[in-house]
$ cat protein_26.cif   # mmCIF, C-alpha atoms
data_final
loop_
_atom_site.label_atom_id
_atom_site.label_comp_id
_atom_site.auth_asym_id
_atom_site.auth_seq_id
_atom_site.Cartn_x
_atom_site.Cartn_y
_atom_site.Cartn_z
CA MET A 1 7.85 -20.47 65.78
CA ASN A 2 10.37 -20.70 62.99
CA GLY A 3 7.64 -21.06 60.38
CA PRO A 4 7.48 -19.76 56.82
CA GLN A 5 7.35 -16.15 58.02
CA ASP A 6 10.81 -16.40 59.63
CA LEU A 7 12.60 -15.30 56.50
CA GLY A 8 15.78 -13.46 57.52
CA GLY A 9 18.72 -14.88 55.56
CA ARG A 10 16.76 -17.69 53.89
CA MET A 11 17.86 -18.30 50.31
CA GLY A 12 16.24 -19.17 47.02
CA PHE A 13 13.52 -16.54 46.69
CA GLY A 14 15.01 -14.87 43.64
CA PRO A 15 15.28 -11.17 42.80
CA VAL A 16 13.17 -8.50 44.49
CA ALA A 17 11.85 -7.00 41.24
CA PRO A 18 10.25 -3.74 42.43
CA GLU A 19 7.36 -2.69 40.20
CA SER A 20 7.57 0.88 38.91
CA GLY A 21 4.35 2.81 39.24
CA GLU A 22 2.90 0.07 41.42
CA PRO A 23 -0.83 0.55 42.05
CA LEU A 24 -2.05 0.68 45.65
CA PHE A 25 -4.08 -2.47 44.99
CA HIS A 26 -3.56 -5.01 42.20
CA ALA A 27 -7.23 -5.98 42.11
CA PRO A 28 -10.41 -4.64 43.73
CA TRP A 29 -10.63 -7.66 46.05
CA GLU A 30 -7.33 -6.67 47.68
CA ALA A 31 -8.89 -3.38 48.81
CA ARG A 32 -11.94 -5.19 50.20
CA ALA A 33 -9.65 -7.75 51.92
CA LEU A 34 -7.78 -4.92 53.63
CA GLY A 35 -11.03 -3.31 54.72
CA ILE A 36 -12.69 -6.42 56.10
CA THR A 37 -9.50 -7.45 57.92
CA LEU A 38 -9.31 -4.09 59.69
CA ALA A 39 -13.06 -3.95 60.32
CA CYS A 40 -13.10 -7.46 61.83
CA GLY A 41 -10.08 -6.61 63.98
CA ALA A 42 -12.06 -3.70 65.42
CA LEU A 43 -14.63 -6.17 66.82
CA GLY A 44 -12.09 -6.85 69.58
CA HIS A 45 -12.11 -10.67 69.58
CA TRP A 46 -8.38 -10.97 68.84
CA ASN A 47 -5.26 -8.80 68.89
CA LEU A 48 -2.55 -8.02 66.36
CA ASP A 49 -0.26 -10.72 67.72
CA GLU A 50 -2.92 -13.43 67.37
CA SER A 51 -3.49 -12.20 63.79
CA ARG A 52 0.19 -12.49 62.97
CA HIS A 53 0.33 -15.98 64.45
CA ALA A 54 -2.72 -17.02 62.41
CA ARG A 55 -0.86 -15.92 59.25
CA GLU A 56 2.39 -17.70 60.10
CA THR A 57 0.58 -20.96 60.93
CA LEU A 58 -1.17 -21.27 57.56
CA GLY A 59 1.51 -23.76 56.51
CA PRO A 60 4.61 -23.16 54.40
CA ALA A 61 3.11 -24.24 51.06
CA VAL A 62 0.14 -21.91 51.46
CA TYR A 63 2.22 -19.04 52.84
CA TYR A 64 4.76 -19.08 50.02
CA SER A 65 2.24 -19.49 47.22
CA SER A 66 -0.13 -16.75 48.40
CA SER A 67 -0.04 -13.02 47.85
CA TYR A 68 0.00 -10.96 51.03
CA TYR A 69 -3.68 -10.05 50.96
CA GLU A 70 -4.48 -13.70 50.33
CA ILE A 71 -2.48 -14.60 53.45
CA TRP A 72 -4.46 -11.97 55.36
CA THR A 73 -7.78 -13.30 54.08
CA ARG A 74 -6.99 -16.93 54.83
CA ALA A 75 -5.87 -16.02 58.34
CA LEU A 76 -8.97 -13.88 58.87
CA ILE A 77 -11.15 -16.88 58.02
CA VAL A 78 -9.24 -18.94 60.61
CA LEU A 79 -9.77 -16.24 63.25
CA LEU A 80 -13.47 -15.77 62.46
CA GLN A 81 -14.07 -19.49 62.94
CA ARG A 82 -11.85 -19.83 66.01
CA HIS A 83 -13.78 -17.05 67.74
CA GLY A 84 -17.19 -18.38 66.72
CA LEU A 85 -18.13 -15.43 64.52
CA VAL A 86 -18.54 -17.39 61.28
CA SER A 87 -19.10 -21.12 60.79
CA ALA A 88 -17.58 -23.50 58.27
CA GLY A 89 -21.09 -24.13 56.96
CA GLU A 90 -21.65 -20.44 56.27
CA LEU A 91 -18.30 -20.19 54.50
CA ALA A 92 -19.08 -23.24 52.38
CA ALA A 93 -22.52 -21.90 51.47
CA GLY A 94 -21.32 -18.36 50.93
CA GLN A 95 -24.41 -17.17 52.78
CA ALA A 96 -25.60 -16.56 56.32
CA GLU A 97 -28.80 -15.72 58.17
CA SER A 98 -29.26 -12.04 58.85
CA ALA A 99 -28.25 -10.98 62.36
CA PRO A 100 -28.37 -7.71 64.30
CA PRO A 101 -25.20 -5.61 64.31
CA HIS A 102 -22.36 -6.72 66.60
CA PRO A 103 -22.09 -4.18 69.47
CA LYS A 104 -18.59 -3.20 68.30
CA ARG A 105 -19.29 -3.26 64.56
CA LEU A 106 -17.13 -0.56 62.96
CA THR A 107 -19.30 2.04 61.30
CA ALA A 108 -18.05 4.47 58.67
CA ASP A 109 -18.26 7.46 60.99
CA ARG A 110 -15.95 5.75 63.51
CA VAL A 111 -13.27 4.77 60.98
CA PRO A 112 -11.22 8.01 61.06
CA GLY A 113 -11.04 7.98 64.86
CA VAL A 114 -10.17 4.29 65.09
CA LEU A 115 -7.40 4.56 62.49
CA ALA A 116 -6.05 7.79 64.01
CA ARG A 117 -5.90 6.26 67.50
CA GLY A 118 -4.30 3.00 66.44
CA THR A 119 -3.39 0.52 69.17
CA PRO A 120 -0.46 1.73 71.26
CA TYR A 121 1.54 -1.21 72.59
CA ASP A 122 3.67 0.59 75.19
CA ARG A 123 2.95 -0.24 78.83
CA PRO A 124 4.27 1.03 82.16
CA LEU A 125 6.79 -1.18 83.96
CA THR A 126 7.86 -1.17 87.57
CA ALA A 127 10.93 -3.40 87.26
CA PRO A 128 14.14 -1.49 86.51
CA PRO A 129 15.98 -2.26 83.26
CA ARG A 130 18.35 -5.22 83.34
CA PHE A 131 20.43 -3.73 80.55
CA ALA A 132 21.73 -0.28 79.67
CA PRO A 133 22.84 1.18 76.34
CA GLY A 134 26.31 -0.13 75.51
CA ASP A 135 25.84 -3.45 77.34
CA ARG A 136 26.84 -6.59 75.51
CA VAL A 137 24.08 -9.19 75.42
CA ARG A 138 23.48 -12.59 73.88
CA THR A 139 20.11 -13.49 72.46
CA ARG A 140 18.72 -16.73 73.79
CA ASN A 141 19.12 -19.79 71.60
CA ALA A 142 15.35 -20.07 71.70
CA HIS A 143 13.08 -22.00 69.32
CA PRO A 144 9.61 -21.75 70.86
CA ARG A 145 6.71 -23.60 69.22
CA GLY A 146 4.43 -20.59 69.71
CA HIS A 147 4.56 -17.03 68.47
CA THR A 148 7.74 -15.06 69.02
CA ARG A 149 9.42 -11.99 67.58
CA LEU A 150 12.98 -13.19 68.01
CA PRO A 151 13.89 -14.17 64.45
CA THR A 152 15.83 -17.41 64.08
CA TYR A 153 18.70 -15.69 62.28
CA LEU A 154 19.32 -13.55 65.38
CA ALA A 155 18.93 -16.33 67.99
CA GLY A 156 22.03 -17.18 70.02
CA HIS A 157 24.08 -14.18 68.85
CA LEU A 158 26.08 -11.45 70.54
CA GLY A 159 24.82 -7.90 70.22
CA VAL A 160 25.00 -4.52 71.90
CA ILE A 161 22.10 -2.65 73.51
CA GLU A 162 21.59 0.63 71.66
CA SER A 163 18.41 1.99 73.23
CA ASP A 164 15.72 1.19 75.81
CA HIS A 165 12.13 1.81 74.65
CA GLY A 166 10.46 0.99 77.98
CA GLY A 167 7.67 -1.55 78.41
CA PHE A 168 5.81 -3.13 75.50
CA VAL A 169 3.19 -5.87 75.22
CA LEU A 170 4.95 -9.24 74.85
CA PRO A 171 3.78 -10.94 71.62
CA ASP A 172 4.84 -14.40 72.83
CA SER A 173 2.12 -14.20 75.49
CA ASN A 174 -0.44 -11.89 73.89
CA ALA A 175 -0.74 -13.95 70.70
CA HIS A 176 -1.99 -16.91 72.71
CA GLY A 177 -4.54 -15.14 74.89
CA LEU A 178 -2.20 -15.38 77.89
CA GLY A 179 -2.22 -11.68 78.69
CA GLU A 180 -0.08 -8.74 77.71
CA ALA A 181 2.82 -9.65 80.06
CA PRO A 182 4.66 -6.43 79.16
CA GLY A 183 8.43 -6.55 79.07
CA ARG A 184 11.16 -4.04 78.37
CA LEU A 185 12.01 -3.56 74.71
CA TYR A 186 15.50 -2.71 73.48
CA THR A 187 17.05 -1.98 70.13
CA VAL A 188 19.96 -4.42 69.87
CA VAL A 189 22.69 -4.01 67.25
CA PHE A 190 24.51 -6.96 65.69
CA ASP A 191 27.63 -7.00 63.58
CA GLY A 192 27.03 -8.75 60.27
CA VAL A 193 30.01 -11.06 60.77
CA GLU A 194 28.60 -12.23 64.13
CA VAL A 195 25.33 -13.17 62.45
CA TRP A 196 26.47 -14.50 59.07
CA GLY A 197 30.17 -15.25 59.45
CA HIS A 198 31.82 -14.16 56.23
CA ASP A 199 28.81 -15.04 54.09
CA GLY A 200 27.15 -11.66 54.65
CA GLU A 201 28.17 -8.44 52.96
CA PRO A 202 31.16 -6.70 54.60
CA GLY A 203 30.45 -3.64 56.72
CA LEU A 204 26.89 -4.70 57.51
CA THR A 205 25.18 -4.05 60.81
CA ILE A 206 21.68 -5.24 61.69
CA SER A 207 19.43 -4.15 64.49
CA ALA A 208 16.24 -5.59 65.87
CA ASP A 209 13.82 -4.62 68.61
CA LEU A 210 13.95 -7.37 71.21
CA TRP A 211 12.27 -7.95 74.56
CA GLU A 212 14.33 -8.30 77.72
CA GLY A 213 13.28 -11.93 78.10
CA TYR A 214 14.96 -12.72 74.77
CA LEU A 215 18.33 -11.53 76.12
CA GLU A 216 21.05 -12.81 78.45
CA ASN A 217 24.15 -11.14 79.84
CA ALA A 218 27.23 -11.64 77.69
CA MET B 219 10.68 -3.79 35.99
CA PRO B 220 9.12 -6.19 33.51
CA HIS B 221 6.00 -8.08 34.44
CA ASP B 222 7.48 -11.53 33.95
CA HIS B 223 8.61 -11.87 37.56
CA HIS B 224 7.66 -15.06 39.38
CA ASP B 225 5.52 -13.17 41.91
CA HIS B 226 3.05 -12.55 39.12
CA ASP B 227 2.14 -16.20 39.29
CA HIS B 228 -0.23 -14.80 41.89
CA ASP B 229 -2.31 -13.38 39.06
CA ASN B 230 -3.63 -16.93 38.66
CA HIS B 231 -5.32 -16.59 42.04
CA LEU B 232 -7.12 -13.35 41.29
CA GLU B 233 -10.42 -14.76 40.15
CA PRO B 234 -10.88 -17.29 42.97
CA MET B 235 -9.81 -14.67 45.50
CA ASP B 236 -12.24 -12.15 44.08
CA ALA B 237 -15.10 -14.61 44.57
CA ARG B 238 -13.85 -15.67 47.97
CA VAL B 239 -13.55 -12.13 49.34
CA ARG B 240 -16.93 -11.11 47.92
CA ALA B 241 -18.57 -14.11 49.60
CA LEU B 242 -16.81 -13.36 52.87
CA GLU B 243 -17.90 -9.72 52.83
CA THR B 244 -21.48 -10.82 52.11
CA ILE B 245 -21.47 -13.19 55.08
CA LEU B 246 -19.89 -10.66 57.41
CA THR B 247 -22.33 -7.96 56.37
CA ARG B 248 -25.37 -10.23 56.79
CA LYS B 249 -24.18 -11.24 60.24
CA GLY B 250 -23.78 -7.61 61.33
CA LEU B 251 -20.02 -7.94 61.71
CA VAL B 252 -18.93 -5.40 59.10
CA ASP B 253 -20.46 -2.32 57.55
CA PRO B 254 -19.58 -2.03 53.83
CA ALA B 255 -19.55 1.75 54.16
CA ALA B 256 -16.84 1.46 56.81
CA ILE B 257 -14.79 -0.67 54.43
CA ASP B 258 -15.18 2.02 51.76
CA THR B 259 -13.93 4.61 54.24
CA ILE B 260 -10.91 2.49 55.20
CA ILE B 261 -9.98 2.06 51.54
CA ASP B 262 -10.49 5.77 50.85
CA THR B 263 -8.24 6.65 53.81
CA TYR B 264 -5.28 4.76 52.38
CA ALA B 265 -6.01 5.72 48.78
CA HIS B 266 -6.30 9.45 49.41
CA ARG B 267 -5.32 10.58 52.89
CA VAL B 268 -2.56 8.43 54.33
CA GLY B 269 0.39 7.76 52.06
CA PRO B 270 4.04 8.61 51.38
CA GLN B 271 3.18 12.28 51.01
CA ASN B 272 2.93 12.33 54.81
CA GLY B 273 6.46 11.05 55.31
CA ALA B 274 7.76 13.35 52.57
CA ALA B 275 6.36 16.36 54.42
CA VAL B 276 8.13 15.21 57.59
CA VAL B 277 11.46 14.77 55.79
CA ALA B 278 11.20 18.14 54.01
CA ARG B 279 10.48 19.86 57.31
CA ALA B 280 13.42 18.10 58.95
CA TRP B 281 15.67 19.38 56.14
CA THR B 282 14.56 22.97 56.62
CA ASP B 283 13.84 23.27 60.35
CA PRO B 284 16.78 22.24 62.58
CA ALA B 285 14.70 22.39 65.76
CA PHE B 286 12.16 20.01 64.22
CA ALA B 287 14.94 17.72 63.00
CA GLU B 288 16.31 17.56 66.54
CA TRP B 289 12.83 16.74 67.89
CA LEU B 290 12.36 14.12 65.18
CA ALA B 291 15.65 12.47 66.14
CA ARG B 292 14.81 12.53 69.86
CA ASP B 293 11.06 11.71 69.87
CA ALA B 294 9.74 10.98 66.40
CA THR B 295 6.36 9.79 67.67
CA ALA B 296 5.63 13.22 69.17
CA ALA B 297 7.28 15.16 66.34
CA VAL B 298 5.23 13.53 63.58
CA ALA B 299 2.05 13.63 65.70
CA SER B 300 2.47 17.41 65.83
CA MET B 301 1.98 17.33 62.04
CA GLY B 302 -1.13 15.17 62.41
CA TYR B 303 0.51 11.86 61.52
CA CYS B 304 -0.36 9.21 64.07
CA GLY B 305 -2.43 6.09 64.51
CA ARG B 306 -2.54 2.62 63.10
CA GLN B 307 0.91 1.16 62.36
CA GLY B 308 2.50 4.44 63.41
CA GLU B 309 1.85 4.32 67.16
CA HIS B 310 5.57 4.25 67.98
CA VAL B 311 7.92 5.89 65.49
CA GLN B 312 11.69 6.32 65.25
CA ALA B 313 13.42 8.36 62.54
CA VAL B 314 16.83 7.23 61.36
CA PHE B 315 18.99 9.72 59.49
CA ASN B 316 21.22 8.79 56.59
CA THR B 317 24.73 10.26 56.63
CA PRO B 318 27.72 9.98 54.28
CA GLN B 319 29.01 7.38 56.76
CA GLN B 320 25.84 5.26 57.17
CA HIS B 321 22.90 4.35 54.97
CA ASN B 322 19.82 2.93 56.70
CA VAL B 323 17.39 0.36 55.30
CA ILE B 324 14.15 -0.87 56.87
CA VAL B 325 12.67 -4.35 56.71
CA CYS B 326 10.32 -6.61 58.60
CA THR B 327 11.70 -10.12 58.18
CA LEU B 328 8.86 -11.69 60.22
CA CYS B 329 5.82 -10.10 58.54
CA SER B 330 5.25 -6.74 56.88
CA CYS B 331 5.56 -4.09 59.62
CA TYR B 332 5.71 -0.70 57.92
CA PRO B 333 5.03 2.89 59.06
CA TRP B 334 1.51 3.19 57.63
CA SER B 335 0.84 6.59 59.21
CA LEU B 336 3.79 8.06 57.29
CA LEU B 337 4.09 5.93 54.15
CA GLY B 338 0.65 4.36 53.72
CA LEU B 339 0.28 0.72 52.75
CA PRO B 340 3.47 -1.20 51.94
CA PRO B 341 4.27 -2.08 48.32
CA VAL B 342 4.34 -5.72 47.25
CA TRP B 343 8.14 -5.84 47.13
CA TYR B 344 8.38 -4.82 50.79
CA LYS B 345 6.18 -7.79 51.77
CA SER B 346 7.86 -10.25 49.41
CA PRO B 347 9.92 -13.20 50.69
CA ALA B 348 12.75 -12.11 48.38
CA TYR B 349 13.15 -8.70 50.05
CA ARG B 350 12.54 -9.92 53.59
CA SER B 351 15.00 -12.80 53.32
CA ARG B 352 17.82 -11.09 51.47
CA VAL B 353 18.10 -7.52 52.70
CA VAL B 354 19.48 -8.61 56.09
CA ILE B 355 22.35 -10.60 54.55
CA GLU B 356 23.09 -8.86 51.24
CA PRO B 357 21.55 -5.39 51.35
CA ARG B 358 23.84 -3.91 48.69
CA ALA B 359 22.84 -6.61 46.23
CA VAL B 360 19.17 -5.91 46.99
CA LEU B 361 19.61 -2.14 46.69
CA ALA B 362 21.31 -2.64 43.32
CA GLU B 363 18.05 -4.23 42.11
CA PHE B 364 16.42 -0.88 42.90
CA GLY B 365 19.14 0.88 40.91
CA LEU B 366 20.87 2.12 44.04
CA VAL B 367 24.63 1.58 44.28
CA LEU B 368 26.11 3.00 47.49
CA PRO B 369 29.72 4.20 47.84
CA ALA B 370 31.96 1.43 49.17
CA GLY B 371 32.85 3.57 52.19
CA GLN B 372 29.26 4.08 53.33
CA ALA B 373 28.25 1.45 55.89
CA VAL B 374 24.82 -0.17 55.67
CA ARG B 375 22.62 -0.56 58.74
CA VAL B 376 19.52 -2.73 58.34
CA TRP B 377 16.71 -2.19 60.85
CA ASP B 378 14.52 -5.28 61.30
CA SER B 379 11.11 -4.12 62.58
CA THR B 380 10.56 -7.01 64.97
CA ALA B 381 8.36 -5.09 67.47
CA GLU B 382 5.92 -2.17 67.30
CA MET B 383 8.56 0.48 66.60
CA ARG B 384 8.03 1.81 63.08
CA TYR B 385 10.98 3.32 61.26
CA LEU B 386 11.25 6.27 58.89
CA VAL B 387 14.50 6.79 57.01
CA VAL B 388 15.40 10.47 56.60
CA PRO B 389 17.40 10.54 53.38
CA MET B 390 20.20 13.04 52.83
CA ARG B 391 19.09 16.36 51.34
CA PRO B 392 20.03 16.59 47.67
CA ALA B 393 22.73 19.05 46.65
CA GLY B 394 21.65 22.27 44.96
CA THR B 395 18.45 22.70 46.95
CA ASP B 396 19.54 25.57 49.20
CA GLY B 397 16.67 27.93 49.83
CA TRP B 398 14.00 25.58 48.46
CA ALA B 399 10.63 25.69 50.18
CA PRO B 400 9.54 22.57 52.08
CA GLU B 401 6.78 21.90 49.52
CA ALA B 402 9.30 21.79 46.67
CA LEU B 403 11.68 19.63 48.69
CA ALA B 404 8.91 17.17 49.57
CA ALA B 405 8.48 16.43 45.85
CA LEU B 406 12.03 15.02 45.86
CA VAL B 407 11.32 12.59 48.71
CA THR B 408 10.27 9.23 47.31
CA ARG B 409 8.70 6.35 49.21
CA GLU B 410 11.79 4.23 48.48
CA SER B 411 14.06 6.94 49.93
CA MET B 412 12.14 6.73 53.21
CA VAL B 413 12.52 2.93 53.39
CA GLY B 414 16.17 3.12 52.35
CA THR B 415 15.90 1.33 49.02
CA GLY B 416 16.40 4.64 47.22
CA LEU B 417 17.75 8.16 47.64
CA ALA B 418 15.90 11.44 47.41
CA ARG B 419 15.63 12.69 43.83
CA ALA B 420 18.30 15.09 42.64
CA ALA B 421 17.42 18.77 42.32
CA SER B 422 17.08 18.27 38.57
CA GLY B 423 14.26 15.81 39.27
CA VAL B 424 16.26 12.86 37.99
CA PRO B 425 16.82 10.11 40.59
CA ALA B 426 20.14 10.76 42.33
#
$ encode --input "protein_26.cif" --output "structure tokens"
Amino acid sequence: MNGPQDLGGRMGFGPVAPESGEPLFHAPWEARALGITLACGALGHWNLDESRHARETLGPAVYYSSSYYEIWTRALIVLLQRHGLVSAGELAAGQAESAPPHPKRLTADRVPGVLARGTPYDRPLTAPPRFAPGDRVRTRNAHPRGHTRLPTYLAGHLGVIESDHGGFVLPDSNAHGLGEAPGRLYTVVFDGVEVWGHDGEPGLTISADLWEGYLENA
Amino acid sequence: MPHDHHDHDHDNHLEPMDARVRALETILTRKGLVDPAAIDTIIDTYAHRVGPQNGAAVVARAWTDPAFAEWLARDATAAVASMGYCGRQGEHVQAVFNTPQQHNVIVCTLCSCYPWSLLGLPPVWYKSPAYRSRVVIEPRAVLAEFGLVLPAGQAVRVWDSTAEMRYLVVPMRPAGTDGWAPEALAALVTRESMVGTGLARAASGVPA
């Protein structure tokens, strides 16, 4: 979906303003928000793609007026309710009845192993690659209503395959509980003039990692 | 940079968010969904164990060990795992090497994908709409806001992290560092230099 998260090339957001000596967290609640987001993810009720889609569907006004950890927290609350783990009544009351631990509750002793393992997203494929490095491709002029990782600014443009990463879980399917549907992932390189005409900086190239289903022969 | 930037409007939300997150953690703990001690351990991991010092050690080794640099270029996931750097938001890694001909910059226009296993948690600017929107159309203008002005003849390649590949920029080794030990070199490798919004510090310690 070309929601508020789909930011490539959008204008009007002002200067970047990096903060020198930036602290890891700007308030203690940000650290707790990080921790509870990761700990709830470990319960296994949703995947990373569903999490991203929950963030990008918060609505443009909320998305643009929230800090990143606020976006995470708001999306976590959506996910907890969607999956029946927390009710609106409990959230409104700020309290809940005591319950026994969830079978997959992340305990402190398991944290190092869980973080060190991560969640690999590569998957074996049997179908041969449709494209090879050096091939010219055109991205589909696609504007799906659901989750996708083809940014709008790169839709419908000519690029060149640079590398083939093999099979990866397809976010467009996985975000919606429709299975991993792995597809081949390529790094595709675009000339800045192809993407932006002459409104981009000269000499610019852009690459993105795009699934085979996003691409057509050119 | 001064603290009058518009993003600091978010400070207005701090108190309500503090209450909201506290209440949420209370509910989740009561319901047996989270263990506060696990949350402490997660925070401690990113405060003390996983951060840009990891990526700096990789870059310094690549500068001093040609066989490692070749491995890093060919299979960064395996090369950095051999140094113990793996896991969440670093499951699939590619290293991109700056040259006098090409400077590399990393972004995630769609969210905030960042190589946590090598650089830790992303800074606010990396997640900001300003950076994510602009660096793919006017990277030199963005880099200038970091104090980085590239030579006109050096091309800019922007890598948009749209999938689960996580990118590490290997900056060019500063002049005058021949014979330096990897530990001393690592001190020159800033977080920004590994995202591409900066260069490695000069041998004098002043930003190059």
$ interface_residues --input "protein_26.cif" --of "chain A" --to "chain B" --cutoff "6 Å" --atoms "all atoms listed in the file" --output "PyMOL selection string"
chain A and resi 5-10+13-14+16+18-19+29+35+94-96+98-102+105+107-108+115-118+120+149+200-201+203-209
$ resolve_selection --input "protein_26.cif" --expression "the PyMOL selection byres ((chain A and resi 185-195) around 6)" --output "NGL selection string"
:A and (159-166 or 184 or 196-198 or 204-211)
$ residues_near_point --input "protein_26.cif" --point "(6.6, -22.5, 57.9)" --cutoff "6 Å" --atoms "all atoms listed in the file" --output "list in words"
Gly3, Pro4, Gly59 and Pro60 of chain A
$ resolve_selection --input "protein_26.cif" --expression "the PyMOL selection byres ((chain A and resi 39-52) around 8)" --output "mmCIF file with C-alpha atoms, in the coordinates of the input"
data_model
loop_
_atom_site.group_PDB
_atom_site.id
_atom_site.type_symbol
_atom_site.label_atom_id
_atom_site.label_comp_id
_atom_site.auth_asym_id
_atom_site.auth_seq_id
_atom_site.Cartn_x
_atom_site.Cartn_y
_atom_site.Cartn_z
ATOM 1 C CA GLY A 35 -11.030 -3.310 54.720
ATOM 2 C CA ILE A 36 -12.690 -6.420 56.100
ATOM 3 C CA THR A 37 -9.500 -7.450 57.920
ATOM 4 C CA LEU A 38 -9.310 -4.090 59.690
ATOM 5 C CA HIS A 53 0.330 -15.980 64.450
ATOM 6 C CA ALA A 54 -2.720 -17.020 62.410
ATOM 7 C CA ARG A 55 -0.860 -15.920 59.250
ATOM 8 C CA GLU A 56 2.390 -17.700 60.100
ATOM 9 C CA ALA A 75 -5.870 -16.020 58.340
ATOM 10 C CA LEU A 76 -8.970 -13.880 58.870
ATOM 11 C CA LEU A 79 -9.770 -16.240 63.250
ATOM 12 C CA HIS A 83 -13.780 -17.050 67.740
ATOM 13 C CA HIS A 102 -22.360 -6.720 66.600
ATOM 14 C CA LYS A 104 -18.590 -3.200 68.300
ATOM 15 C CA ARG A 105 -19.290 -3.260 64.560
ATOM 16 C CA LEU A 106 -17.130 -0.560 62.960
ATOM 17 C CA HIS A 147 4.560 -17.030 68.470
ATOM 18 C CA PRO A 171 3.780 -10.940 71.620
ATOM 19 C CA ASN A 174 -0.440 -11.890 73.890
ATOM 20 C CA ALA A 175 -0.740 -13.950 70.700
ATOM 21 C CA HIS A 176 -1.990 -16.910 72.710
ATOM 22 C CA GLY A 177 -4.540 -15.140 74.890
ATOM 23 C CA LEU B 251 -20.020 -7.940 61.710
ATOM 24 C CA VAL B 252 -18.930 -5.400 59.100
ATOM 25 C CA ALA B 256 -16.840 1.460 56.810
ATOM 26 C CA ILE B 257 -14.790 -0.670 54.430
ATOM 27 C CA CYS B 329 5.820 -10.100 58.540
#
$ residues_near_point --input "protein_26.cif" --point "(26.3, -14.3, 77.4)" --cutoff "8 Å" --atoms "all atoms listed in the file" --output "list of chain:residue names"
A:Arg136, A:Val137, A:Arg138, A:Thr139, A:Leu158, A:Glu216, A:Asn217, A:Ala218
$ residues_around --input "protein_26.cif" --residues "B:Ala418" --least-positions-apart "2" --cutoff "10 Å" --atoms "all atoms listed in the file" --output "number ranges by chain"
B: 274, 388-392, 403-412, 414, 416, 420-421, 423-426
$ atom_distance --input "protein_26.cif" --atom1 "atom CA of A:Ala31" --atom2 "atom CA of A:Ile77"
16.5 Å
$ build_atoms --input "protein_26.cif" --residues "stretch 132-143 of chain A" --atoms "N, CA and C atoms" --output "short mmCIF file (atom, residue, chain, number, x, y, z; two decimals), keeping the file's coordinate frame"
data_model
loop_
_atom_site.label_atom_id
_atom_site.label_comp_id
_atom_site.auth_asym_id
_atom_site.auth_seq_id
_atom_site.Cartn_x
_atom_site.Cartn_y
_atom_site.Cartn_z
N ALA A 132 21.59 -1.71 79.98
CA ALA A 132 21.73 -0.28 79.67
C ALA A 132 22.41 -0.15 78.31
N PRO A 133 22.18 0.98 77.64
CA PRO A 133 22.84 1.18 76.34
C PRO A 133 24.35 0.94 76.47
N GLY A 134 24.89 0.21 75.50
CA GLY A 134 26.31 -0.13 75.51
C GLY A 134 26.58 -1.52 76.06
N ASP A 135 25.63 -2.10 76.80
CA ASP A 135 25.84 -3.45 77.34
C ASP A 135 25.90 -4.49 76.23
N ARG A 136 26.81 -5.45 76.42
CA ARG A 136 26.84 -6.59 75.51
C ARG A 136 25.84 -7.64 75.99
N VAL A 137 25.08 -8.18 75.08
CA VAL A 137 24.08 -9.19 75.42
C VAL A 137 24.19 -10.34 74.42
N ARG A 138 23.63 -11.48 74.82
CA ARG A 138 23.48 -12.59 73.88
C ARG A 138 22.01 -12.93 73.81
N THR A 139 21.50 -13.06 72.60
CA THR A 139 20.11 -13.49 72.46
C THR A 139 20.02 -14.96 72.84
N ARG A 140 18.90 -15.33 73.42
CA ARG A 140 18.72 -16.73 73.79
C ARG A 140 18.67 -17.60 72.53
N ASN A 141 19.21 -18.81 72.68
CA ASN A 141 19.12 -19.79 71.60
C ASN A 141 17.76 -20.46 71.73
N ALA A 142 16.72 -19.66 71.41
CA ALA A 142 15.35 -20.07 71.70
C ALA A 142 14.62 -20.45 70.41
N HIS A 143 13.87 -21.54 70.48
CA HIS A 143 13.08 -22.00 69.32
C HIS A 143 11.69 -22.40 69.79
#
